[in-house]
>>> print(open('start17.txt').read())   # compact mmCIF, C-alpha atoms and all ligand atoms
# COMPACT_ATOMS: atom_id res chain seq x y z
CA MET A 1 2.50 -4.89 5.11
CA PHE A 2 6.01 -5.47 3.81
CA VAL A 3 8.53 -6.27 6.57
CA ILE A 4 12.25 -6.23 5.78
CA VAL A 5 13.97 -8.51 8.27
CA LYS A 6 17.69 -8.44 8.87
CA PRO A 7 18.41 -11.60 10.88
CA THR A 8 22.11 -10.75 10.76
CA LEU A 9 24.26 -7.82 9.70
CA ALA A 10 27.24 -10.10 9.09
CA CYS A 11 28.27 -10.78 5.51
CA ASN A 12 30.62 -13.08 3.64
CA ALA A 13 31.21 -10.46 0.94
CA ARG A 14 32.83 -7.04 1.09
CA CYS A 15 31.19 -4.51 -1.19
CA THR A 16 32.78 -1.09 -1.16
CA TYR A 17 29.42 0.69 -0.90
CA CYS A 18 27.71 -1.56 1.65
CA ALA A 19 25.52 0.21 4.22
CA ALA A 20 25.11 -2.65 6.69
CA GLN A 21 28.76 -2.54 7.73
CA HIS A 22 28.13 0.66 9.72
CA PHE A 23 25.65 -0.85 12.05
CA ASN A 24 26.55 -3.00 15.07
CA PRO A 25 23.64 -4.81 16.67
CA LYS A 26 24.04 -6.09 20.22
CA THR A 27 23.59 -9.64 18.99
CA PRO A 28 25.20 -10.61 15.71
CA ARG A 29 22.47 -13.13 14.82
CA MET A 30 18.75 -13.07 15.51
CA LYS A 31 17.90 -15.40 18.39
CA SER A 32 14.97 -17.76 18.64
CA ASP A 33 13.03 -15.61 21.08
CA VAL A 34 13.32 -12.56 18.78
CA LEU A 35 12.10 -14.64 15.84
CA GLN A 36 9.11 -15.75 17.91
CA SER A 37 8.37 -12.12 18.87
CA LEU A 38 8.47 -11.23 15.18
CA PHE A 39 5.84 -13.84 14.38
CA GLN A 40 3.70 -12.62 17.29
CA ALA A 41 3.81 -9.10 15.82
CA LEU A 42 2.71 -10.16 12.33
CA PRO A 43 -1.06 -10.47 12.98
CA VAL A 44 -1.05 -6.90 14.36
CA TRP A 45 0.84 -5.53 11.39
CA GLY A 46 -1.17 -7.60 8.90
CA GLU A 47 -4.43 -6.28 10.30
CA ALA A 48 -3.19 -2.68 10.02
CA THR A 49 -2.92 -3.01 6.24
CA GLY A 50 -5.54 -5.71 5.63
CA GLN A 51 -8.16 -5.34 2.91
CA MET A 52 -11.55 -7.01 2.64
CA GLY A 53 -10.91 -9.48 5.46
CA GLN A 54 -7.58 -10.64 4.05
CA ASP A 55 -4.41 -9.57 5.86
CA THR A 56 -1.15 -10.16 4.02
CA VAL A 57 2.35 -9.78 5.40
CA HIS A 58 5.38 -10.04 3.15
CA LEU A 59 8.62 -10.93 4.91
CA LEU A 60 11.78 -10.04 3.00
CA TRP A 61 14.81 -11.84 4.45
CA HIS A 62 17.67 -9.45 4.01
CA GLY A 63 20.93 -8.61 5.74
CA GLY A 64 23.95 -8.60 5.93
CA GLU A 65 23.73 -11.96 4.25
CA PRO A 66 20.70 -13.94 5.49
CA LEU A 67 22.05 -17.35 4.43
CA LEU A 68 24.75 -16.96 7.13
CA MET A 69 21.93 -17.85 9.55
CA GLY A 70 22.12 -21.42 8.22
CA PRO A 71 19.34 -23.70 6.95
CA ARG A 72 18.13 -24.57 10.47
CA PHE A 73 17.14 -20.96 11.12
CA PHE A 74 14.93 -20.99 8.02
CA VAL A 75 13.45 -24.35 9.04
CA GLN A 76 12.38 -22.57 12.22
CA VAL A 77 10.94 -19.74 10.09
CA LEU A 78 8.95 -22.35 8.19
CA GLU A 79 7.65 -23.90 11.42
CA GLU A 80 6.63 -20.49 12.80
CA THR A 81 4.89 -19.73 9.51
CA ARG A 82 2.90 -22.98 9.61
CA LYS A 83 1.87 -22.35 13.23
CA LEU A 84 0.76 -18.80 12.50
CA ARG A 85 -1.17 -19.84 9.38
CA SER A 86 -3.12 -22.45 11.29
CA SER A 87 -3.97 -20.09 14.16
CA ASN A 88 -4.75 -17.10 11.86
CA PRO A 89 -6.54 -18.33 8.71
CA HIS A 90 -7.13 -14.73 7.56
CA LEU A 91 -3.44 -13.96 7.64
CA GLU A 92 -1.45 -14.67 4.50
CA ILE A 93 2.34 -14.78 4.93
CA ARG A 94 4.62 -14.58 1.93
CA HIS A 95 8.40 -14.89 2.08
CA HIS A 96 11.01 -13.24 -0.14
CA LEU A 97 14.79 -13.53 -0.11
CA GLN A 98 17.58 -11.10 -0.96
CA THR A 99 20.85 -13.04 -0.92
CA ASN A 100 24.30 -12.97 -2.47
CA LEU A 101 23.81 -16.76 -3.04
CA LEU A 102 27.41 -17.54 -2.07
CA LEU A 103 26.32 -20.16 0.52
CA TRP A 104 23.41 -21.56 -1.49
CA ASN A 105 23.27 -25.38 -1.23
CA ALA A 106 20.89 -28.36 -1.25
CA ASP A 107 19.73 -27.73 2.34
CA PHE A 108 18.68 -24.17 1.50
CA GLU A 109 17.01 -25.40 -1.68
CA GLU A 110 14.84 -27.76 0.30
CA VAL A 111 13.58 -25.20 2.80
CA PHE A 112 13.20 -22.32 0.31
CA LYS A 113 11.20 -24.49 -2.09
CA GLU A 114 8.48 -24.29 0.52
CA LEU A 115 9.15 -20.80 1.88
CA LEU A 116 9.33 -19.04 -1.50
CA GLY A 117 5.93 -19.81 -3.01
CA ASP A 118 6.83 -18.52 -6.48
CA ARG A 119 10.42 -19.83 -6.29
CA SER A 120 11.90 -16.46 -7.10
CA LEU A 121 14.73 -14.85 -5.20
CA SER A 122 16.73 -11.69 -5.59
CA SER A 123 20.50 -11.43 -5.67
CA SER A 124 23.16 -8.83 -6.45
CA VAL A 125 25.79 -8.69 -9.14
CA ASP A 126 27.64 -5.93 -10.96
CA PRO A 127 28.38 -6.03 -14.67
CA PHE A 128 31.88 -4.62 -14.54
CA ASP A 129 34.50 -3.31 -12.12
CA ARG A 130 34.91 -6.49 -10.12
CA SER A 131 36.83 -4.60 -7.44
CA ARG A 132 33.65 -3.09 -5.97
CA ARG A 133 32.21 -6.45 -4.94
CA ARG A 134 34.62 -9.04 -3.47
CA LEU A 135 34.41 -12.05 -1.20
CA ALA A 136 35.31 -11.42 2.45
CA ASN A 137 38.51 -13.41 1.88
CA GLY A 138 39.39 -11.18 -1.07
CA GLY A 139 38.38 -13.78 -3.69
CA ASP A 140 36.41 -13.24 -6.88
CA TYR A 141 32.70 -12.70 -6.13
CA PHE A 142 31.53 -12.81 -9.72
CA SER A 143 32.77 -16.33 -10.62
CA LEU A 144 31.29 -17.86 -7.49
CA TRP A 145 28.03 -15.94 -7.97
CA LEU A 146 27.70 -17.27 -11.55
CA THR A 147 28.13 -20.88 -10.39
CA GLN A 148 25.66 -20.42 -7.55
CA ALA A 149 23.06 -18.61 -9.67
CA GLN A 150 23.24 -21.44 -12.20
CA ARG A 151 22.76 -23.97 -9.41
CA ALA A 152 19.71 -22.13 -8.07
CA LEU A 153 18.31 -21.97 -11.59
CA GLU A 154 18.77 -25.70 -12.15
CA ALA A 155 16.94 -26.36 -8.88
CA GLY A 156 13.93 -24.50 -10.27
CA PHE A 157 14.39 -21.02 -8.75
CA ARG A 158 14.14 -17.78 -10.67
CA VAL A 159 17.01 -15.42 -9.90
CA GLY A 160 16.56 -11.65 -10.08
CA ALA A 161 19.60 -9.39 -9.97
CA VAL A 162 20.11 -6.00 -8.35
CA CYS A 163 22.72 -3.92 -10.16
CA VAL A 164 24.17 -0.87 -8.41
CA VAL A 165 24.60 1.98 -10.89
CA ASP A 166 27.94 3.61 -10.14
CA ASP A 167 29.69 6.13 -12.38
CA GLN A 168 31.00 3.39 -14.69
CA VAL A 169 27.65 1.68 -15.18
CA ALA A 170 26.01 5.10 -15.62
CA GLN A 171 28.33 5.80 -18.53
CA ASN A 172 27.77 2.40 -20.16
CA PRO A 173 24.06 1.55 -20.11
CA ARG A 174 24.28 -0.53 -23.30
CA ARG A 175 27.12 -2.61 -21.97
CA ALA A 176 25.29 -3.13 -18.68
CA TYR A 177 22.06 -4.14 -20.44
CA THR A 178 23.90 -6.53 -22.76
CA PHE A 179 25.75 -8.09 -19.83
CA PHE A 180 22.49 -9.09 -18.13
CA LYS A 181 20.87 -10.15 -21.39
CA ASN A 182 23.77 -12.49 -22.14
CA LEU A 183 23.80 -14.24 -18.77
CA THR A 184 22.63 -17.83 -19.17
CA ALA A 185 20.29 -17.35 -16.24
CA ARG A 186 18.78 -14.28 -18.01
CA PRO A 187 17.69 -12.69 -14.73
CA SER A 188 15.26 -9.87 -14.27
CA VAL A 189 17.32 -6.88 -13.25
CA ARG A 190 16.73 -3.89 -11.01
CA PHE A 191 19.05 -0.92 -11.49
CA ASN A 192 19.52 1.10 -8.30
CA PRO A 193 21.59 4.29 -8.20
CA LEU A 194 24.62 4.26 -5.93
CA TYR A 195 24.38 6.68 -3.03
CA PRO A 196 26.00 6.97 0.42
CA SER A 197 24.25 5.30 3.37
CA ARG A 198 24.99 8.07 5.83
CA ARG A 199 24.57 11.78 5.69
CA GLY A 200 27.79 13.65 5.04
CA GLU A 201 29.60 10.63 3.61
CA THR A 202 30.79 10.36 0.06
CA VAL A 203 30.86 7.05 -1.71
CA GLU A 204 33.43 6.13 -4.33
CA GLY A 205 31.79 6.01 -7.76
CA GLY A 206 28.60 7.76 -6.57
CA ILE A 207 26.49 9.50 -9.22
CA SER A 208 24.52 12.75 -9.39
CA SER A 209 20.77 13.02 -9.91
CA ALA A 210 21.37 14.33 -13.46
CA GLN A 211 23.62 11.32 -14.26
CA TRP A 212 20.88 8.98 -13.01
CA GLY A 213 18.35 10.73 -15.27
CA ARG A 214 20.61 10.41 -18.33
CA PHE A 215 21.25 6.74 -17.55
CA LEU A 216 17.49 6.06 -17.32
CA VAL A 217 16.80 7.82 -20.64
CA GLU A 218 19.50 5.83 -22.48
CA LEU A 219 18.52 2.57 -20.84
CA TRP A 220 14.89 3.17 -21.81
CA GLN A 221 15.83 3.60 -25.47
CA ILE A 222 17.97 0.44 -25.45
CA TRP A 223 15.20 -1.49 -23.73
CA LEU A 224 12.52 -0.44 -26.21
CA GLU A 225 14.82 -1.18 -29.18
CA ASP A 226 15.13 -4.67 -27.72
CA HIS A 227 11.32 -4.98 -27.50
CA ARG A 228 11.53 -5.08 -23.69
CA GLU A 229 12.95 -8.61 -23.80
CA LEU A 230 14.62 -8.30 -20.42
CA ALA A 231 12.55 -7.52 -17.32
CA VAL A 232 14.14 -4.23 -16.23
CA GLN A 233 13.17 -2.22 -13.16
CA PRO A 234 12.32 0.52 -12.48
CA LEU A 235 11.53 0.98 -16.20
CA ALA A 236 8.93 -1.81 -16.44
CA ASN A 237 6.85 -0.38 -13.61
CA TRP A 238 6.84 3.08 -15.13
CA TYR A 239 6.03 1.63 -18.57
CA ARG A 240 3.06 -0.28 -17.15
CA ALA A 241 1.93 2.78 -15.24
CA ARG A 242 1.97 4.90 -18.40
CA ARG A 243 0.10 2.33 -20.49
CA HIS A 244 -2.36 1.02 -17.93
CA GLY A 245 -2.54 3.78 -15.36
CA THR A 246 -1.69 1.58 -12.39
CA VAL A 247 1.42 2.48 -10.48
CA ARG A 248 2.88 -0.43 -8.62
CA GLY A 249 6.42 -1.07 -7.72
CA SER A 250 9.06 -0.43 -5.18
CA CYS A 251 8.54 1.42 -1.91
CA ASP A 252 10.17 4.62 -3.11
CA MET A 253 7.66 5.28 -5.87
CA SER A 254 4.56 3.50 -4.57
CA GLY A 255 3.50 6.25 -2.16
CA ARG A 256 3.13 3.53 0.49
CA CYS A 257 6.48 3.90 2.24
CA SER A 258 5.03 5.27 5.46
CA VAL A 259 2.03 2.94 5.69
CA GLY A 260 3.13 -0.32 4.12
CA PHE A 261 6.75 -0.95 5.16
CA LEU A 262 8.62 -1.80 8.36
CA GLY A 263 12.12 -3.08 9.13
CA VAL A 264 13.37 -5.39 11.91
CA ASP A 265 16.99 -5.83 13.00
CA PRO A 266 18.66 -8.83 14.75
CA ASP A 267 17.92 -7.37 18.21
CA GLY A 268 14.20 -6.91 17.50
CA ASN A 269 14.37 -3.15 16.95
CA VAL A 270 11.72 -1.90 14.53
CA SER A 271 12.28 0.95 12.12
CA GLN A 272 10.89 2.22 8.83
CA CYS A 273 12.87 -0.32 6.78
CA GLY A 274 16.30 -1.87 6.32
CA ARG A 275 17.73 1.30 4.80
CA ALA A 276 16.44 3.38 7.72
CA ALA A 277 18.10 0.95 10.14
CA ASP A 278 21.36 1.30 8.16
CA GLY A 279 21.12 5.09 8.44
CA GLU A 280 19.93 4.93 12.08
CA VAL A 281 16.85 7.09 11.48
CA LEU A 282 13.06 6.53 11.61
CA HIS A 283 13.24 4.17 14.57
CA TYR A 284 9.74 3.11 15.69
CA GLY A 285 10.24 0.86 18.74
CA THR A 286 10.73 -2.84 19.42
CA LEU A 287 8.94 -6.09 18.65
CA ASP A 288 7.64 -6.18 22.25
CA ASN A 289 5.15 -3.46 21.30
CA PRO A 290 4.03 -3.93 17.68
CA THR A 291 1.06 -1.56 18.05
CA GLY A 292 3.29 1.12 19.57
CA CYS A 293 5.58 0.86 16.52
CA LEU A 294 2.62 1.62 14.21
CA GLU A 295 1.64 4.63 16.30
CA SER A 296 5.10 6.09 16.88
CA THR A 297 5.55 9.81 16.30
CA ASP A 298 8.37 9.20 13.80
CA ARG A 299 6.03 7.05 11.72
CA GLN A 300 3.30 9.66 11.87
CA ALA A 301 5.81 12.29 10.77
CA ASN A 302 6.71 10.11 7.78
CA GLN A 303 3.01 9.88 6.91
CA GLN A 304 2.72 13.67 7.11
CA ARG A 305 5.59 13.95 4.60
CA MET A 306 3.36 12.94 1.69
CA ARG A 307 0.93 15.76 2.45
CA THR A 308 3.77 18.26 2.90
CA LEU A 309 5.28 17.34 -0.47
CA ARG A 310 1.96 17.38 -2.30
CA GLU A 311 1.26 20.88 -1.05
CA GLY A 312 4.82 22.12 -1.45
CA HIS A 313 7.74 20.91 -3.58
CA CYS A 314 5.71 18.44 -5.66
CA ALA A 315 2.50 20.50 -5.94
CA ASP A 316 2.88 21.26 -9.66
CA CYS A 317 4.59 18.07 -10.72
CA SER A 318 2.70 16.08 -13.37
CA TRP A 319 4.60 12.96 -12.37
CA TRP A 320 3.41 12.65 -8.78
CA ALA A 321 1.58 9.37 -9.48
CA TYR A 322 4.82 7.86 -10.82
CA CYS A 323 7.11 9.08 -8.06
CA HIS A 324 5.22 10.17 -4.92
CA GLY A 325 8.22 12.25 -3.91
CA GLY A 326 10.51 9.20 -3.65
CA CYS A 327 12.28 7.95 -0.56
CA PRO A 328 12.54 10.09 2.62
CA LEU A 329 16.01 8.71 3.32
CA GLN A 330 17.20 9.96 -0.01
CA SER A 331 15.90 13.38 0.94
CA TRP A 332 17.65 13.21 4.29
CA LEU A 333 20.96 12.24 2.69
CA ALA A 334 20.81 15.26 0.43
CA SER A 335 19.36 17.93 2.70
CA GLY A 336 19.27 16.60 6.25
CA GLU A 337 15.43 16.76 6.11
CA LEU A 338 13.33 13.62 6.18
CA ASP A 339 10.26 15.36 4.74
CA GLY A 340 11.78 16.68 1.52
CA PRO A 341 11.70 15.22 -2.02
CA THR A 342 14.04 12.46 -3.10
CA PHE A 343 17.59 13.39 -4.03
CA TRP A 344 16.80 11.84 -7.47
CA CYS A 345 13.98 14.34 -8.25
CA GLU A 346 15.85 16.15 -11.04
CA GLY A 347 16.92 12.91 -12.77
CA ARG A 348 13.47 11.32 -12.45
CA LYS A 349 11.74 14.37 -13.87
CA ALA A 350 14.16 14.50 -16.80
CA PHE A 351 13.42 10.86 -17.54
CA PHE A 352 9.63 11.21 -17.18
CA GLU A 353 9.55 14.22 -19.46
CA GLU A 354 11.81 12.72 -22.12
CA CYS A 355 10.38 9.20 -22.16
CA LEU A 356 6.84 9.17 -20.78
CA GLN A 357 5.50 12.47 -22.04
CA THR A 358 2.60 10.97 -23.99
CA PRO A 359 1.02 7.52 -23.98
CA GLU A 360 1.44 7.45 -27.78
CA ASN A 361 5.16 7.77 -27.35
CA VAL A 362 5.18 4.71 -25.14
CA GLU A 363 2.92 2.72 -27.45
CA GLU A 364 4.68 3.63 -30.69
CA ARG A 365 8.07 2.72 -29.36
CA GLY A 366 7.00 -0.22 -27.23
CA ALA A 367 6.60 -3.74 -28.48
S1 LIG A 401 12.37 4.92 3.71
FE1 LIG A 401 12.91 4.71 1.53
S2 LIG A 401 13.78 2.64 1.34
FE2 LIG A 401 12.64 2.74 3.30
S3 LIG A 401 10.55 1.96 2.83
FE3 LIG A 401 10.53 4.21 2.63
S4 LIG A 401 10.94 4.59 0.44
FE4 LIG A 401 11.58 2.50 0.89
S1 LIG A 402 9.72 14.08 -9.78
FE1 LIG A 402 10.33 15.50 -8.13
S2 LIG A 402 8.67 17.02 -8.05
FE2 LIG A 402 7.89 15.22 -9.17
S3 LIG A 402 6.86 13.93 -7.63
FE3 LIG A 402 9.00 13.23 -7.82
S4 LIG A 402 10.13 14.34 -6.23
FE4 LIG A 402 8.17 15.42 -6.55
>>> encode(input="start17.txt", output="structure tokens", more="lines below")
Ligand code: SF4
Ligand code: SF4
Amino acid sequence: MFVIVKPTLACNARCTYCAAQHFNPKTPRMKSDVLQSLFQALPVWGEATGQMGQDTVHLLWHGGEPLLMGPRFFVQVLEETRKLRSSNPHLEIRHHLQTNLLLWNADFEEVFKELLGDRSLSSSVDPFDRSRRRLANGGDYFSLWLTQAQRALEAGFRVGAVCVVDDQVAQNPRRAYTFFKNLTARPSVRFNPLYPSRRGETVEGGISSAQWGRFLVELWQIWLEDHRELAVQPLANWYRARRHGTVRGSCDMSGRCSVGFLGVDPDGNVSQCGRAADGEVLHYGTLDNPTGCLESTDRQANQQRMRTLREGHCADCSWWAYCHGGCPLQSWLASGELDGPTFWCEGRKAFFEECLQTPENVEERGA
């Protein structure tokens, strides 16, 4: 089970497309008793997705900006983890962190060296148009991010970057690729298309499904020319899937959205994931009743969605194993229906057909 935890919705940056800013929890920061309830829920959720006697729960600390919780909060997370591991030897807990890094310091380094087993963390930075991502005080995000990413790197952490593909990035895939390749930290990078967080809203710089498809095709060509030197998602997952037949990867293409993901907000409300909480849909219950959350009718409806798509919209699609119909929220944003195909269907199909049509194509052009 992968649990996206938002211990706070507060943030020390102001990104023009941020979803979390819509949402106002009753408590701005997760309290101790809610954190304890979260750890009490984990054995139940781990068991629900366990395999061969081994239950694994991944906790992704997200926000808002999770480092605003301060190092002491994460020391408590570490203590709760140790307690749970000793009382549940079959339960494996792995931590992950999505942070803007702006508050990163020696105290965080100490606690995350133990919490993040593989010492990798994920952050966010945009290659151009610095006006989209600013500090809360109006200052320059990018310069501070560079300093902080370098610091994390020197302390032995690997830094991955999420890049939001707006209309400018979509028109300049080569420039975007080169930007990340030239960073000293040489991060792995995940390109995510920019879309609104709420139905009916428009977002400045948003792109169409066809633009996303064209961006993926061009990026793919640039990436292969460069012998796949940079770790680029979602391309690398699709490349591996085409060559080796195993589709892994993010929730929206894994086909495991409805069975393998949950989200928790600062008040202890449980929903499908962080994005669902941002959009205020697919709410499953509270931490007081972790089994009830798994059995909620909204969750069952999300599980039914896969069957509906396979028999309907996606029935004849050769790329089902690579896409699984995508994210229900991205269907809802486009059509108001949670059980439709992803808004990015057209763009994904165009990319799959142009770039993954035959395994030979992948092998000839790949390194
Ligand atoms: S609703 Fe979308 S973002 Fe949330 S877990 Fe499912 S696929 Fe991922
Ligand atoms: S590309 Fe479109 S039709 Fe094919 S599986 Fe994805 S959503 Fe369904």
>>> residues_around(input="start17.txt", residues="A:Val34", least_positions_apart="3", cutoff="9 Å", atoms="only C-alpha atoms", output="mmCIF file with C-alpha atoms, keeping the file's coordinate frame")
data_model
loop_
_atom_site.group_PDB
_atom_site.id
_atom_site.type_symbol
_atom_site.label_atom_id
_atom_site.label_comp_id
_atom_site.auth_asym_id
_atom_site.auth_seq_id
_atom_site.Cartn_x
_atom_site.Cartn_y
_atom_site.Cartn_z
ATOM 1 C CA MET A 30 18.750 -13.070 15.510
ATOM 2 C CA LYS A 31 17.900 -15.400 18.390
ATOM 3 C CA SER A 37 8.370 -12.120 18.870
ATOM 4 C CA LEU A 38 8.470 -11.230 15.180
ATOM 5 C CA PHE A 39 5.840 -13.840 14.380
ATOM 6 C CA PRO A 266 18.660 -8.830 14.750
ATOM 7 C CA ASP A 267 17.920 -7.370 18.210
ATOM 8 C CA GLY A 268 14.200 -6.910 17.500
ATOM 9 C CA LEU A 287 8.940 -6.090 18.650
#
>>> residues_around(input="start17.txt", residues="A:Leu42", least_positions_apart="6", cutoff="10 Å", atoms="only C-alpha atoms", output="PyMOL selection string")
chain A and resi 1+3+48+55-59+84+91-93+287+290
>>> residues_near_ligand(input="start17.txt", ligand="ligand LIG 402 (chain A)", cutoff="9 Å", atoms="only C-alpha atoms and all ligand atoms", output="PDB file with C-alpha atoms, keeping the file's coordinate frame")
ATOM      1  CA  MET A 253       7.660   5.280  -5.870  1.00  0.00           C
ATOM      2  CA  LEU A 309       5.280  17.340  -0.470  1.00  0.00           C
ATOM      3  CA  ARG A 310       1.960  17.380  -2.300  1.00  0.00           C
ATOM      4  CA  HIS A 313       7.740  20.910  -3.580  1.00  0.00           C
ATOM      5  CA  CYS A 314       5.710  18.440  -5.660  1.00  0.00           C
ATOM      6  CA  ALA A 315       2.500  20.500  -5.940  1.00  0.00           C
ATOM      7  CA  ASP A 316       2.880  21.260  -9.660  1.00  0.00           C
ATOM      8  CA  CYS A 317       4.590  18.070 -10.720  1.00  0.00           C
ATOM      9  CA  SER A 318       2.700  16.080 -13.370  1.00  0.00           C
ATOM     10  CA  TRP A 319       4.600  12.960 -12.370  1.00  0.00           C
ATOM     11  CA  TRP A 320       3.410  12.650  -8.780  1.00  0.00           C
ATOM     12  CA  ALA A 321       1.580   9.370  -9.480  1.00  0.00           C
ATOM     13  CA  TYR A 322       4.820   7.860 -10.820  1.00  0.00           C
ATOM     14  CA  CYS A 323       7.110   9.080  -8.060  1.00  0.00           C
ATOM     15  CA  HIS A 324       5.220  10.170  -4.920  1.00  0.00           C
ATOM     16  CA  GLY A 325       8.220  12.250  -3.910  1.00  0.00           C
ATOM     17  CA  GLY A 326      10.510   9.200  -3.650  1.00  0.00           C
ATOM     18  CA  CYS A 327      12.280   7.950  -0.560  1.00  0.00           C
ATOM     19  CA  GLY A 340      11.780  16.680   1.520  1.00  0.00           C
ATOM     20  CA  PRO A 341      11.700  15.220  -2.020  1.00  0.00           C
ATOM     21  CA  THR A 342      14.040  12.460  -3.100  1.00  0.00           C
ATOM     22  CA  PHE A 343      17.590  13.390  -4.030  1.00  0.00           C
ATOM     23  CA  TRP A 344      16.800  11.840  -7.470  1.00  0.00           C
ATOM     24  CA  CYS A 345      13.980  14.340  -8.250  1.00  0.00           C
ATOM     25  CA  GLU A 346      15.850  16.150 -11.040  1.00  0.00           C
ATOM     26  CA  GLY A 347      16.920  12.910 -12.770  1.00  0.00           C
ATOM     27  CA  ARG A 348      13.470  11.320 -12.450  1.00  0.00           C
ATOM     28  CA  LYS A 349      11.740  14.370 -13.870  1.00  0.00           C
ATOM     29  CA  ALA A 350      14.160  14.500 -16.800  1.00  0.00           C
ATOM     30  CA  PHE A 352       9.630  11.210 -17.180  1.00  0.00           C
TER      31      PHE A 352
END
>>> residues_near_ligand(input="start17.txt", ligand="ligand LIG 401 (chain A)", cutoff="7 Å", atoms="all atoms listed in the file", output="NGL selection string")
:A and (251-252 or 257-258 or 261-262 or 272-276 or 326-330)
>>> atom_distance(input="start17.txt", atom1="atom CA of A:Trp45", atom2="atom CA of A:Asp118")
22.9 Å
>>> atom_distance(input="start17.txt", atom1="atom CA of A:Leu216", atom2="atom CA of A:Leu235")
7.9 Å
>>> decode(input="start17.txt", residues="stretch 163-219 of chain A", atoms="C-alpha atoms", output="PDB file, in the first residue's frame")
ATOM      1  CA  CYS A 163       8.913  19.385 -13.699  1.00  0.00           C
ATOM      2  CA  VAL A 164       5.445  20.706 -14.495  1.00  0.00           C
ATOM      3  CA  VAL A 165       4.922  20.830 -18.260  1.00  0.00           C
ATOM      4  CA  ASP A 166       3.135  24.082 -19.028  1.00  0.00           C
ATOM      5  CA  ASP A 167       2.679  25.559 -22.501  1.00  0.00           C
ATOM      6  CA  GLN A 168       6.235  26.940 -22.534  1.00  0.00           C
ATOM      7  CA  VAL A 169       7.914  23.689 -21.528  1.00  0.00           C
ATOM      8  CA  ALA A 170       5.659  21.807 -23.963  1.00  0.00           C
ATOM      9  CA  GLN A 171       6.999  23.946 -26.800  1.00  0.00           C
ATOM     10  CA  ASN A 172      10.640  23.538 -25.748  1.00  0.00           C
ATOM     11  CA  PRO A 173      11.326  19.894 -24.862  1.00  0.00           C
ATOM     12  CA  ARG A 174      14.982  20.106 -25.915  1.00  0.00           C
ATOM     13  CA  ARG A 175      15.619  23.141 -23.772  1.00  0.00           C
ATOM     14  CA  ALA A 176      13.885  21.504 -20.821  1.00  0.00           C
ATOM     15  CA  TYR A 177      15.866  18.266 -21.228  1.00  0.00           C
ATOM     16  CA  THR A 178      19.159  20.154 -21.549  1.00  0.00           C
ATOM     17  CA  PHE A 179      18.361  22.234 -18.474  1.00  0.00           C
ATOM     18  CA  PHE A 180      18.065  19.136 -16.282  1.00  0.00           C
ATOM     19  CA  LYS A 181      21.033  17.442 -17.908  1.00  0.00           C
ATOM     20  CA  ASN A 182      23.235  20.452 -17.166  1.00  0.00           C
ATOM     21  CA  LEU A 183      22.332  20.753 -13.494  1.00  0.00           C
ATOM     22  CA  THR A 184      25.318  19.805 -11.345  1.00  0.00           C
ATOM     23  CA  ALA A 185      23.075  17.574  -9.283  1.00  0.00           C
ATOM     24  CA  ARG A 186      21.960  15.786 -12.507  1.00  0.00           C
ATOM     25  CA  PRO A 187      18.624  14.748 -10.991  1.00  0.00           C
ATOM     26  CA  SER A 188      16.250  12.150 -12.298  1.00  0.00           C
ATOM     27  CA  VAL A 189      13.288  14.061 -13.654  1.00  0.00           C
ATOM     28  CA  ARG A 190       9.576  13.369 -13.885  1.00  0.00           C
ATOM     29  CA  PHE A 191       7.613  15.460 -16.378  1.00  0.00           C
ATOM     30  CA  ASN A 192       3.984  15.942 -15.338  1.00  0.00           C
ATOM     31  CA  PRO A 193       1.469  17.798 -17.516  1.00  0.00           C
ATOM     32  CA  LEU A 194      -0.060  20.930 -16.033  1.00  0.00           C
ATOM     33  CA  TYR A 195      -3.788  20.664 -15.416  1.00  0.00           C
ATOM     34  CA  PRO A 196      -6.303  22.416 -13.138  1.00  0.00           C
ATOM     35  CA  SER A 197      -6.954  20.912  -9.696  1.00  0.00           C
ATOM     36  CA  ARG A 198     -10.677  21.584  -9.716  1.00  0.00           C
ATOM     37  CA  ARG A 199     -13.362  20.908 -12.221  1.00  0.00           C
ATOM     38  CA  GLY A 200     -14.408  23.969 -14.191  1.00  0.00           C
ATOM     39  CA  GLU A 201     -11.233  25.906 -13.428  1.00  0.00           C
ATOM     40  CA  THR A 202      -8.715  26.947 -16.008  1.00  0.00           C
ATOM     41  CA  VAL A 203      -5.060  27.156 -15.174  1.00  0.00           C
ATOM     42  CA  GLU A 204      -2.700  29.660 -16.743  1.00  0.00           C
ATOM     43  CA  GLY A 205      -0.315  27.874 -19.108  1.00  0.00           C
ATOM     44  CA  GLY A 206      -2.356  24.634 -19.114  1.00  0.00           C
ATOM     45  CA  ILE A 207      -1.876  22.287 -22.076  1.00  0.00           C
ATOM     46  CA  SER A 208      -4.163  20.103 -24.185  1.00  0.00           C
ATOM     47  CA  SER A 209      -3.961  16.323 -24.458  1.00  0.00           C
ATOM     48  CA  ALA A 210      -2.614  16.672 -28.030  1.00  0.00           C
ATOM     49  CA  GLN A 211       0.130  19.076 -26.834  1.00  0.00           C
ATOM     50  CA  TRP A 212       1.118  16.560 -24.150  1.00  0.00           C
ATOM     51  CA  GLY A 213       1.343  13.821 -26.791  1.00  0.00           C
ATOM     52  CA  ARG A 214       3.555  15.951 -29.062  1.00  0.00           C
ATOM     53  CA  PHE A 215       5.788  16.866 -26.123  1.00  0.00           C
ATOM     54  CA  LEU A 216       6.227  13.177 -25.203  1.00  0.00           C
ATOM     55  CA  VAL A 217       7.101  12.226 -28.796  1.00  0.00           C
ATOM     56  CA  GLU A 218       9.754  14.957 -29.094  1.00  0.00           C
ATOM     57  CA  LEU A 219      11.151  14.273 -25.648  1.00  0.00           C
TER      58      LEU A 219
END
